[in-house]
Structure formats: structure tokens, C-alpha cells
$ cat target_8.cif   # mmCIF, C-alpha atoms
data_structure
#
loop_
_atom_site.label_atom_id
_atom_site.label_comp_id
_atom_site.auth_asym_id
_atom_site.auth_seq_id
_atom_site.Cartn_x
_atom_site.Cartn_y
_atom_site.Cartn_z
CA MET I 29 87.03 175.79 -42.52
CA SER I 30 88.96 176.78 -39.43
CA TRP I 31 88.52 179.31 -36.63
CA ARG I 32 90.40 182.28 -35.23
CA GLN I 33 89.95 184.90 -32.55
CA ALA I 34 87.96 188.03 -33.32
CA THR I 35 89.93 191.26 -33.30
CA ARG I 36 89.16 194.17 -30.97
CA GLU I 37 87.67 196.07 -33.88
CA GLU I 38 85.47 193.13 -34.92
CA ILE I 39 84.19 192.73 -31.36
CA TYR I 40 83.26 196.41 -31.14
CA ARG I 41 81.67 196.41 -34.59
CA TYR I 42 79.64 193.33 -33.73
CA TYR I 43 78.12 194.86 -30.60
CA THR I 44 77.57 198.17 -32.40
CA GLU I 45 76.27 196.99 -35.78
CA GLU I 46 74.87 193.44 -35.47
CA PHE I 47 74.01 192.57 -31.88
CA PRO I 48 71.33 195.31 -31.48
CA SER I 49 69.23 193.61 -34.16
CA TYR I 50 69.03 190.50 -31.95
CA VAL I 51 68.02 192.20 -28.69
CA ASP I 52 64.30 191.81 -29.35
CA GLU I 53 64.90 188.07 -29.91
CA LEU I 54 66.30 187.52 -26.41
CA PRO I 55 64.14 185.40 -24.08
CA SER I 56 61.80 187.62 -22.08
CA PHE I 57 63.62 186.99 -18.78
CA MET I 58 66.91 188.40 -20.12
CA THR I 59 66.29 192.06 -19.34
CA GLY I 60 68.43 194.80 -17.89
CA ARG I 61 67.19 194.11 -14.35
CA GLY I 62 66.16 190.43 -14.43
CA PRO I 63 69.31 188.31 -14.10
CA LYS I 64 71.06 189.07 -10.83
CA GLN I 65 74.32 189.78 -12.63
CA TYR I 66 75.93 190.37 -15.98
CA ALA I 67 79.58 189.41 -16.46
CA LEU I 68 82.32 190.08 -18.99
CA ALA I 69 85.57 188.26 -19.79
CA PHE I 70 88.52 190.09 -21.35
CA ARG I 71 91.43 188.79 -23.37
CA GLU I 72 93.78 191.29 -21.70
CA PRO I 73 93.39 192.03 -17.98
CA HIS I 74 92.33 195.62 -17.28
CA PRO I 75 93.31 197.67 -14.20
CA VAL I 76 90.84 198.78 -11.55
CA ARG I 77 90.91 202.19 -9.88
CA LYS I 78 92.41 201.04 -6.57
CA ASP I 79 96.19 200.71 -6.40
CA GLY I 80 97.51 197.29 -5.47
CA VAL I 81 94.46 195.39 -6.72
CA PRO I 82 95.24 192.88 -9.52
CA ASP I 83 94.06 193.68 -13.03
CA LYS I 84 90.80 191.95 -13.95
CA ASP I 85 90.15 189.64 -16.91
CA PHE I 86 86.68 188.69 -15.62
CA ILE I 87 84.15 190.91 -13.88
CA ARG I 88 80.62 190.39 -12.51
CA ARG I 89 78.26 193.32 -12.01
CA ASP I 90 75.04 193.17 -9.99
CA THR I 91 71.92 194.38 -11.77
CA TRP I 92 70.60 195.81 -8.48
CA GLN I 93 72.13 197.33 -5.39
CA THR I 94 70.70 195.75 -2.24
CA ASN I 95 70.38 196.66 1.41
CA VAL I 96 71.60 194.57 4.35
CA SER I 97 68.42 192.49 4.17
CA GLY I 98 69.08 191.61 0.53
CA ASP I 99 66.18 193.71 -0.74
CA ARG I 100 66.61 195.55 -4.02
CA THR I 101 67.16 199.29 -3.73
CA THR I 102 68.72 200.86 -6.85
CA ALA I 103 68.92 199.40 -10.35
CA SER I 104 72.36 199.31 -11.96
CA PHE I 105 70.80 198.92 -15.41
CA HIS I 106 67.42 200.50 -16.13
CA GLU I 107 66.99 199.11 -19.65
CA PHE I 108 68.82 196.51 -21.69
CA ASP I 109 70.34 199.42 -23.65
CA ASP I 110 72.31 200.19 -20.48
CA VAL I 111 73.68 196.64 -20.52
CA LEU I 112 74.58 197.11 -24.17
CA GLU I 113 76.53 200.28 -23.41
CA PHE I 114 78.36 198.41 -20.64
CA ILE I 115 79.27 195.67 -23.15
CA ARG I 116 80.52 198.17 -25.72
CA HIS I 117 82.49 200.34 -23.28
CA PRO I 118 82.97 198.39 -20.04
CA ALA I 119 85.36 200.78 -18.32
CA ARG I 120 83.46 203.92 -19.32
CA ASN I 121 80.11 202.47 -18.23
CA ASP I 122 81.07 200.34 -15.24
CA PRO I 123 78.05 200.08 -12.90
CA LEU I 124 80.44 200.42 -9.95
CA GLY I 125 80.86 204.06 -11.00
CA GLN I 126 83.56 205.84 -9.01
CA SER I 127 84.17 202.91 -6.66
CA ASP I 128 87.81 201.98 -6.07
CA PHE I 129 86.99 198.56 -7.54
CA ALA I 130 85.51 199.85 -10.79
CA LEU I 131 87.51 199.42 -13.99
CA ALA I 132 90.04 202.20 -14.40
CA ASP I 133 89.21 205.06 -16.77
CA PRO I 134 91.00 204.40 -20.11
CA ASP I 135 91.59 208.14 -20.50
CA LEU I 136 93.98 207.92 -17.54
CA LEU I 137 95.83 204.85 -18.85
CA ASP I 138 98.00 203.81 -21.72
CA LYS I 139 95.55 200.91 -22.23
CA PRO I 140 92.42 201.32 -24.38
CA ASP I 141 88.87 200.54 -23.22
CA PRO I 142 88.65 196.73 -22.90
CA ARG I 143 86.53 194.67 -25.29
CA PRO I 144 84.66 191.56 -24.03
CA ASP I 145 85.75 188.20 -25.40
CA ALA I 146 82.59 186.84 -23.77
CA VAL I 147 79.35 188.22 -22.31
CA TYR I 148 77.53 186.27 -19.61
CA TYR I 149 74.38 186.59 -17.52
CA ALA I 150 73.62 185.00 -14.14
CA LEU I 151 71.37 181.94 -14.08
CA ASP I 152 70.15 183.22 -10.70
CA HIS I 153 67.28 185.63 -11.35
CA TRP I 154 65.24 188.27 -9.53
CA GLU I 155 61.85 187.66 -11.11
CA ARG I 156 61.70 183.94 -11.85
CA PRO I 157 63.08 180.63 -10.54
CA TRP I 158 66.73 179.88 -10.97
CA VAL I 159 67.19 179.21 -14.71
CA LEU I 160 67.71 175.52 -15.50
CA LEU I 161 70.47 175.06 -18.06
CA VAL I 162 72.42 171.97 -19.15
CA ASP I 163 75.88 172.55 -20.65
CA ILE I 164 77.46 170.13 -23.15
CA ASP I 165 81.01 171.01 -24.19
CA ALA I 166 82.80 169.77 -27.32
CA LYS I 167 86.05 169.64 -25.31
CA THR I 168 84.60 166.96 -23.04
CA ILE I 169 83.44 164.91 -26.02
CA ALA I 170 86.86 165.25 -27.67
CA ARG I 171 88.68 164.03 -24.54
CA GLU I 172 86.42 161.00 -24.26
CA ARG I 173 86.86 160.24 -27.96
CA ALA I 174 90.64 160.61 -27.70
CA ALA I 175 90.75 158.23 -24.74
CA GLN I 176 88.95 155.60 -26.83
CA VAL I 177 91.17 156.14 -29.89
CA VAL I 178 94.39 155.90 -27.85
CA ALA I 179 93.10 153.32 -25.38
CA ASP I 180 96.30 151.29 -24.95
CA GLU I 181 98.69 154.14 -24.17
CA GLY I 182 96.23 156.81 -23.00
CA ALA I 183 96.88 156.27 -19.31
CA GLU I 184 100.47 157.48 -19.75
CA LEU I 185 99.57 160.70 -21.62
CA ASN I 186 98.47 164.08 -20.33
CA SER I 187 95.42 165.78 -21.87
CA ASP I 188 97.25 167.62 -24.66
CA GLU I 189 99.34 164.58 -25.53
CA LEU I 190 96.19 162.47 -25.66
CA LEU I 191 94.46 164.92 -28.01
CA ALA I 192 97.56 165.13 -30.20
CA ALA I 193 97.94 161.35 -30.38
CA ALA I 194 94.31 161.05 -31.47
CA GLY I 195 94.84 163.66 -34.21
CA ILE I 196 92.33 166.06 -32.68
CA LEU I 197 94.67 169.05 -32.35
CA GLU I 198 95.51 168.87 -36.07
CA ALA I 199 91.92 168.40 -37.21
CA ASP I 200 89.87 171.48 -38.11
CA PRO I 201 89.54 173.80 -36.33
CA ALA I 202 93.32 173.35 -36.09
CA GLY I 203 94.86 174.14 -32.72
CA TYR I 204 91.65 173.82 -30.72
CA SER I 205 91.13 171.04 -28.18
CA TYR I 206 88.31 169.46 -30.21
CA ALA I 207 87.35 168.87 -33.82
CA PHE I 208 84.27 170.02 -35.69
CA GLU I 209 82.85 166.52 -35.36
CA ASP I 210 82.92 166.97 -31.58
CA VAL I 211 80.99 170.24 -31.90
CA ASP I 212 78.45 168.51 -34.15
CA ARG I 213 78.11 165.66 -31.65
CA ALA I 214 77.56 168.15 -28.82
CA ILE I 215 74.72 169.67 -30.82
CA GLU I 216 73.19 166.23 -31.38
CA TYR I 217 73.40 165.55 -27.63
CA GLY I 218 71.72 168.89 -27.02
CA PHE I 219 68.64 167.87 -28.96
CA GLU I 220 68.61 164.52 -27.18
CA VAL I 221 68.42 166.43 -23.89
CA ARG I 222 65.64 168.63 -25.26
CA ASP I 223 63.67 165.50 -26.18
CA ILE I 224 64.19 164.12 -22.67
CA PHE I 225 62.90 167.37 -21.19
CA GLU I 226 59.82 167.32 -23.41
CA ASP I 227 59.08 163.58 -23.23
CA ASP I 228 60.08 162.67 -19.67
CA PHE I 229 59.44 165.99 -17.91
CA ASN I 230 56.50 167.21 -20.00
CA ALA I 231 58.38 170.45 -20.57
CA GLU I 232 56.44 173.00 -22.56
CA GLU I 233 59.20 175.55 -23.12
CA THR I 234 62.72 174.49 -24.03
CA MET I 235 65.57 176.11 -25.94
CA VAL I 236 68.78 174.77 -27.49
CA VAL I 237 71.58 177.31 -27.94
CA TYR I 238 74.78 176.77 -29.88
CA SER I 239 77.35 178.20 -27.46
CA GLY I 240 80.35 178.42 -29.80
CA GLN I 241 82.06 175.29 -28.47
CA GLY I 242 79.04 173.16 -27.66
CA VAL I 243 75.42 173.70 -26.63
CA HIS I 244 73.29 174.96 -23.78
CA VAL I 245 69.89 173.34 -23.30
CA TYR I 246 67.25 175.23 -21.33
CA LEU I 247 64.14 174.01 -19.54
CA LEU I 248 62.16 177.23 -19.15
CA ASP I 249 58.80 176.18 -17.73
CA THR I 250 57.73 178.70 -15.09
CA ASP I 251 54.90 176.67 -13.53
CA PRO I 252 55.37 176.51 -9.73
CA ALA I 253 55.61 172.72 -9.98
CA HIS I 254 58.75 173.10 -12.07
CA ARG I 255 60.85 175.23 -9.71
CA TYR I 256 63.71 172.78 -9.83
CA ASP I 257 65.63 173.00 -6.58
CA ALA I 258 69.19 171.84 -5.87
CA LYS I 259 68.16 168.28 -5.00
CA SER I 260 66.00 167.77 -8.09
CA ARG I 261 68.82 169.14 -10.27
CA GLU I 262 71.19 166.54 -8.82
CA VAL I 263 68.66 163.87 -9.75
CA LEU I 264 68.45 165.33 -13.26
CA ASN I 265 72.25 165.29 -13.56
CA ASP I 266 72.35 161.63 -12.52
CA LEU I 267 69.62 160.77 -15.00
CA LEU I 268 71.32 162.46 -17.95
CA GLN I 269 74.78 161.11 -17.12
CA ASP I 270 73.98 157.59 -15.93
CA ALA I 271 70.77 156.56 -17.66
CA TYR I 272 71.28 158.42 -20.95
CA GLU I 273 75.12 158.68 -20.92
CA ILE I 274 75.12 162.29 -22.04
CA PRO I 275 78.41 164.08 -21.25
CA ILE I 276 77.05 167.15 -19.45
CA ASP I 277 78.79 169.53 -17.07
CA PRO I 278 76.81 168.76 -13.88
CA VAL I 279 78.12 171.80 -12.00
CA VAL I 280 76.37 174.21 -14.38
CA THR I 281 73.02 172.53 -13.74
CA ALA I 282 73.41 172.37 -9.96
CA ASP I 283 75.16 175.61 -8.97
CA ARG I 284 72.93 178.70 -8.92
CA ARG I 285 76.01 180.96 -8.83
CA ARG I 286 76.93 180.03 -12.39
CA VAL I 287 76.76 182.35 -15.38
CA ALA I 288 75.99 181.39 -18.99
CA ARG I 289 76.85 182.97 -22.32
CA LEU I 290 74.24 185.51 -23.32
CA PRO I 291 72.36 184.33 -26.44
CA TYR I 292 73.40 186.29 -29.54
CA SER I 293 76.59 187.47 -27.84
CA LEU I 294 79.89 186.88 -29.63
CA HIS I 295 82.16 183.99 -28.67
CA ALA I 296 85.28 185.90 -29.66
CA ASP I 297 87.65 182.92 -29.35
CA VAL I 298 85.94 181.26 -32.33
CA CYS I 299 84.27 184.26 -34.05
CA SER I 300 80.81 182.73 -33.60
CA ILE I 301 77.45 184.10 -32.49
CA VAL I 302 75.89 182.25 -29.53
CA THR I 303 72.81 181.15 -31.46
CA PRO I 304 69.45 179.59 -30.50
CA ILE I 305 68.94 176.71 -32.94
CA GLU I 306 66.05 174.54 -34.09
CA SER I 307 67.76 171.48 -35.59
CA PRO I 308 70.65 169.11 -34.85
CA ASN I 309 71.69 169.73 -38.46
CA PHE I 310 72.70 173.29 -37.61
CA ASP I 311 75.71 174.45 -39.65
CA VAL I 312 78.16 176.27 -37.37
CA ARG I 313 79.36 178.32 -40.35
CA SER I 314 76.05 180.16 -40.30
CA ALA I 315 76.96 181.59 -36.89
CA ILE I 316 79.91 183.61 -38.20
CA PRO I 317 78.97 187.31 -37.88
CA GLU I 318 78.94 189.61 -40.88
CA VAL I 319 81.66 191.82 -39.41
CA VAL I 320 84.04 188.86 -39.58
CA GLN I 321 82.98 187.77 -43.07
CA SER I 322 83.30 191.28 -44.55
#
$ encode --input "target_8.cif" --output "C-alpha cells"
Amino acid sequence: MSWRQATREEIYRYYTEEFPSYVDELPSFMTGRGPKQYALAFREPHPVRKDGVPDKDFIRRDTWQTNVSGDRTTASFHEFDDVLEFIRHPARNDPLGQSDFALADPDLLDKPDPRPDAVYYALDHWERPWVLLVDIDAKTIARERAAQVVADEGAELNSDELLAAAGILEADPAGYSYAFEDVDRAIEYGFEVRDIFEDDFNAEETMVVYSGQGVHVYLLDTDPAHRYDAKSREVLNDLLQDAYEIPIDPVVTADRRRVARLPYSLHADVCSIVTPIESPNFDVRSAIPEVVQS
């Protein structure tokens, strides 16, 4: 088994034919107007309306317009269906409307409507505390494994040379900066973090999500005592990294400006659905969408 990028047609078909069936499975806080932003990443940069502004391969869109005091005034998305239409046709349904900084109308260009390689939502939220998410990436695990395999000469090699010397670039999925065993290990780490949340923090609501190249682990308790602020998140990062030696990305946990892949969205670089999972024995092959298999 290897991986490849999804085509433009497969991306569109996924969000038209498959993704709608998952919308009711989204966590309750992922609504059209809950996260403070939704964001899209494109494989090919797309122009904006204003001349002289660089083409965009990543855009964030606020879910609400606000006044000078930061109070919400007008919703950009009334229902999640509006978000879905934005995902399917970003330039035609840009919440910025006729603003100079909105994506340019494809009808006026030689370029077609862009398709999102990735769909994200903001961890910062209007209706609930800042969402607590821990990110574990297979690429990080692969680099650490490569450094151990090539210990004697590793200091003289750059990252790609190190991965190549360790045989990781040739291992399936060929050409990626990790092997399937690194993805599997990331998933195992994810469930270790979930157990820490439940055992050490008495968490009542957790979620582990296969992200396509690793896992995201959520602590979703909404009790006022669990409104983890910046300082407590730094303590959590130190605990996971130092006491438990889990290779997390500490910035994702600590920075409220971060975005995360929307569950059930398509990770187009690997043709995989971002999937909530219940077991460390999860088979990544089960996350391949039907539009890619057909």
C-alpha cells in the first residue's frame, strides 16, 4: 500500500458525495458560527480581486464580522451548509464577498475554482473555551527514529539525507517523510495521551482523531474548572514531553491562534479522511474515501 495526492475531481466528489453524510457526526461545537474561523489550503495559489496582492494558497475566514469592540455583528455562515458550500466552491462563496481581498471570480480568470487540499477550523471558539488539542505528527517520529538508526553519522546529514540513510523515504508510503510504522506509532501515542487525560486529569470527554499523517487528541470537558489557560497548557506540554516522553507539537496545544484539520475532511495529500477513531489498532486503509477507491 502506498499513497498519492487526490485529484481535483476526487476532492470535489468527496465534498459533494461523501462528506455530507458525516456532518451530523461532527462534535457539537463545530457549527457554522462556533469556531472563530474556518480555513482552506490550496495546492495551487489562487488570485484575489485586488491587483498587486500575491495569490493565496491558504486563507482564513472569520465566522462572524465584529465591531471595534470585538462584539459579534453579522454571521458569515448561518448554517454548516454555508461552510460546506464555501469548501466546495471557495471563490464563488467567499465570505469576504466583493471585498478586494476576496478570492477572484473564476469566471473572470483562466484558472478554475480552487479545490481545498485541506479544511481547517479555529481552535479559538465563540461559545466555549479554547479547544484543547494535542498534535502528534508521524514526521516527528520518523525524524527521531532516523536519528537513532543513523546515530554515528547523523550529525553530518540534513533532514532529507537522514531520512534517506535510514531507509524511510523508500519505505511505504514511498516518497513521504515517514513510514507507515511511524503513522501507527503516532496513533499509539495518541491513545496514550487519551489515557493520561482520563486517568491523570479525570477527563470525561476525549476524542482521538486520525489526522492523515498522525493524530489529534482532544480534551473536551466544558466544566468551568477545566478552562485550560495558556499557563496550564504549558504545564501540560511539559508533562507530556518530559514525564511521558511523547513527541507532541507543543505550539498547537499552547497557541490559541492555531487551526486544526476538520474531522471528516479530506487530507488530499494522502487521500485519507480525517477520522475519529476508537482503537490504537486503527487501519489507515479504512480511511480511504470511496471516491478514491472507485
$ atom_distance --input "target_8.cif" --atom1 "atom CA of I:Arg285" --atom2 "atom CA of I:Arg88"
11.1 Å
$ residues_around --input "target_8.cif" --residues "I:Phe57" --least-positions-apart "5" --cutoff "12 Å" --atoms "all atoms listed in the file" --output "list in words"
Asp52, Gly62, Pro63, Lys64, Phe108, Tyr149, Ala150, Leu151, Asp152, His153, Trp154, Glu155, Arg156, Pro157, Trp158, Val159, Leu248, Asp249, Thr250, Leu290 and Pro291 of chain I
$ residues_around --input "target_8.cif" --residues "I:Gly195" --least-positions-apart "6" --cutoff "12 Å" --atoms "all atoms listed in the file" --output "count of residues only"
16
$ resolve_selection --input "target_8.cif" --expression "the PyMOL selection byres ((chain I and resi 129-140) around 8)" --output "list in words"
His74, Pro75, Val76, Arg77, Lys78, Pro118, Ala119, Arg120, Asp122, Pro123, Leu124, Gly125, Gln126, Ser127, Asp128, Asp141 and Pro142 of chain I
$ closest_residue --input "target_8.cif" --among "I:Val237, I:Val162, I:Val312, I:Cys299" --to "I:Val279" --atoms "all atoms listed in the file"
I:Val162
$ residues_around --input "target_8.cif" --residues "stretch 214-222 of chain I" --least-positions-apart "6" --cutoff "7 Å" --atoms "all atoms listed in the file" --output "PyMOL selection string"
chain I and resi 164-166+234+236+242-243+245+274+308
$ resolve_selection --input "target_8.cif" --expression "the PyMOL selection byres ((chain I and resi 268) around 12)" --output "PyMOL selection string"
chain I and resi 162-164+217-218+220-225+228+261-267+269-278+281
$ closest_residue --input "target_8.cif" --among "I:Leu190, I:Ala146, I:Ile115, I:Ile301" --to "I:Tyr40" --atoms "only C-alpha atoms"
I:Ile115
$ atom_distance --input "target_8.cif" --atom1 "atom CA of I:Met235" --atom2 "atom CA of I:Val302"
12.5 Å
$ resolve_selection --input "target_8.cif" --expression "the PyMOL selection byres ((chain I and resi 72) around 10)" --output "ChimeraX atom specification"
/I:69-71,73-75,83-86,139,142-145
$ closest_residue --input "target_8.cif" --among "I:Ser300, I:Ser104, I:Thr35, I:Gln65" --to "I:Ile87" --atoms "all atoms listed in the file"
I:Gln65
$ decode --input "target_8.cif" --residues "stretch 194-214 of chain I" --atoms "N, CA, C and O atoms" --output "CSV table (one decimal), in the first residue's frame"
chain,number,residue,atom,x,y,z
I,194,ALA,N,18.3,6.3,6.6
I,194,ALA,CA,17.6,5.4,7.5
I,194,ALA,C,16.6,4.5,6.7
I,194,ALA,O,15.9,3.6,7.3
I,195,GLY,N,16.4,4.7,5.4
I,195,GLY,CA,15.5,3.9,4.5
I,195,GLY,C,14.1,4.4,4.6
I,195,GLY,O,13.2,3.7,4.1
I,196,ILE,N,13.8,5.5,5.3
I,196,ILE,CA,12.4,5.9,5.5
I,196,ILE,C,11.8,6.5,4.2
I,196,ILE,O,10.6,6.2,3.9
I,197,LEU,N,12.5,7.2,3.4
I,197,LEU,CA,12.0,7.7,2.2
I,197,LEU,C,11.6,6.6,1.2
I,197,LEU,O,10.7,6.8,0.3
I,198,GLU,N,12.2,5.5,1.2
I,198,GLU,CA,11.9,4.4,0.3
I,198,GLU,C,10.8,3.5,0.9
I,198,GLU,O,10.2,2.7,0.1
I,199,ALA,N,10.6,3.5,2.2
I,199,ALA,CA,9.6,2.6,2.8
I,199,ALA,C,8.2,3.2,2.4
I,199,ALA,O,8.0,4.4,2.2
I,200,ASP,N,7.2,2.3,2.4
I,200,ASP,CA,5.8,2.7,2.1
I,200,ASP,C,5.4,3.6,3.2
I,200,ASP,O,5.6,3.3,4.4
I,201,PRO,N,4.7,4.7,2.9
I,201,PRO,CA,4.3,5.2,1.6
I,201,PRO,C,5.6,5.9,1.0
I,201,PRO,O,6.1,6.9,1.5
I,202,ALA,N,6.0,5.3,-0.1
I,202,ALA,CA,7.3,5.8,-0.8
I,202,ALA,C,7.2,7.3,-1.1
I,202,ALA,O,6.2,7.8,-1.6
I,203,GLY,N,8.3,8.0,-0.8
I,203,GLY,CA,8.4,9.4,-1.1
I,203,GLY,C,8.0,10.3,0.0
I,203,GLY,O,8.2,11.5,-0.1
I,204,TYR,N,7.3,9.8,1.0
I,204,TYR,CA,6.9,10.6,2.1
I,204,TYR,C,7.9,10.6,3.2
I,204,TYR,O,8.8,9.7,3.3
I,205,SER,N,7.9,11.6,4.1
I,205,SER,CA,9.0,11.8,5.0
I,205,SER,C,8.7,11.0,6.3
I,205,SER,O,9.1,11.4,7.4
I,206,TYR,N,8.1,9.9,6.2
I,206,TYR,CA,7.8,8.9,7.3
I,206,TYR,C,7.3,7.6,6.7
I,206,TYR,O,7.1,7.6,5.4
I,207,ALA,N,7.3,6.6,7.5
I,207,ALA,CA,6.8,5.3,7.0
I,207,ALA,C,5.5,5.0,7.7
I,207,ALA,O,5.2,5.6,8.7
I,208,PHE,N,4.8,4.0,7.2
I,208,PHE,CA,3.6,3.6,7.9
I,208,PHE,C,3.8,3.2,9.4
I,208,PHE,O,2.9,3.5,10.2
I,209,GLU,N,4.9,2.7,9.7
I,209,GLU,CA,5.1,2.3,11.1
I,209,GLU,C,5.2,3.6,12.0
I,209,GLU,O,4.8,3.5,13.2
I,210,ASP,N,5.6,4.7,11.4
I,210,ASP,CA,5.6,6.0,12.1
I,210,ASP,C,4.2,6.5,12.3
I,210,ASP,O,3.9,7.0,13.4
I,211,VAL,N,3.3,6.3,11.3
I,211,VAL,CA,1.9,6.7,11.5
I,211,VAL,C,1.3,5.8,12.6
I,211,VAL,O,0.6,6.3,13.4
I,212,ASP,N,1.5,4.5,12.5
I,212,ASP,CA,1.0,3.6,13.5
I,212,ASP,C,1.5,4.0,14.9
I,212,ASP,O,0.7,3.9,15.9
I,213,ARG,N,2.7,4.4,15.0
I,213,ARG,CA,3.3,4.7,16.3
I,213,ARG,C,2.6,6.0,16.8
I,213,ARG,O,2.3,6.2,18.0
I,214,ALA,N,2.4,7.0,15.9
I,214,ALA,CA,1.7,8.2,16.3
I,214,ALA,C,0.3,7.9,16.9
I,214,ALA,O,-0.1,8.5,17.9
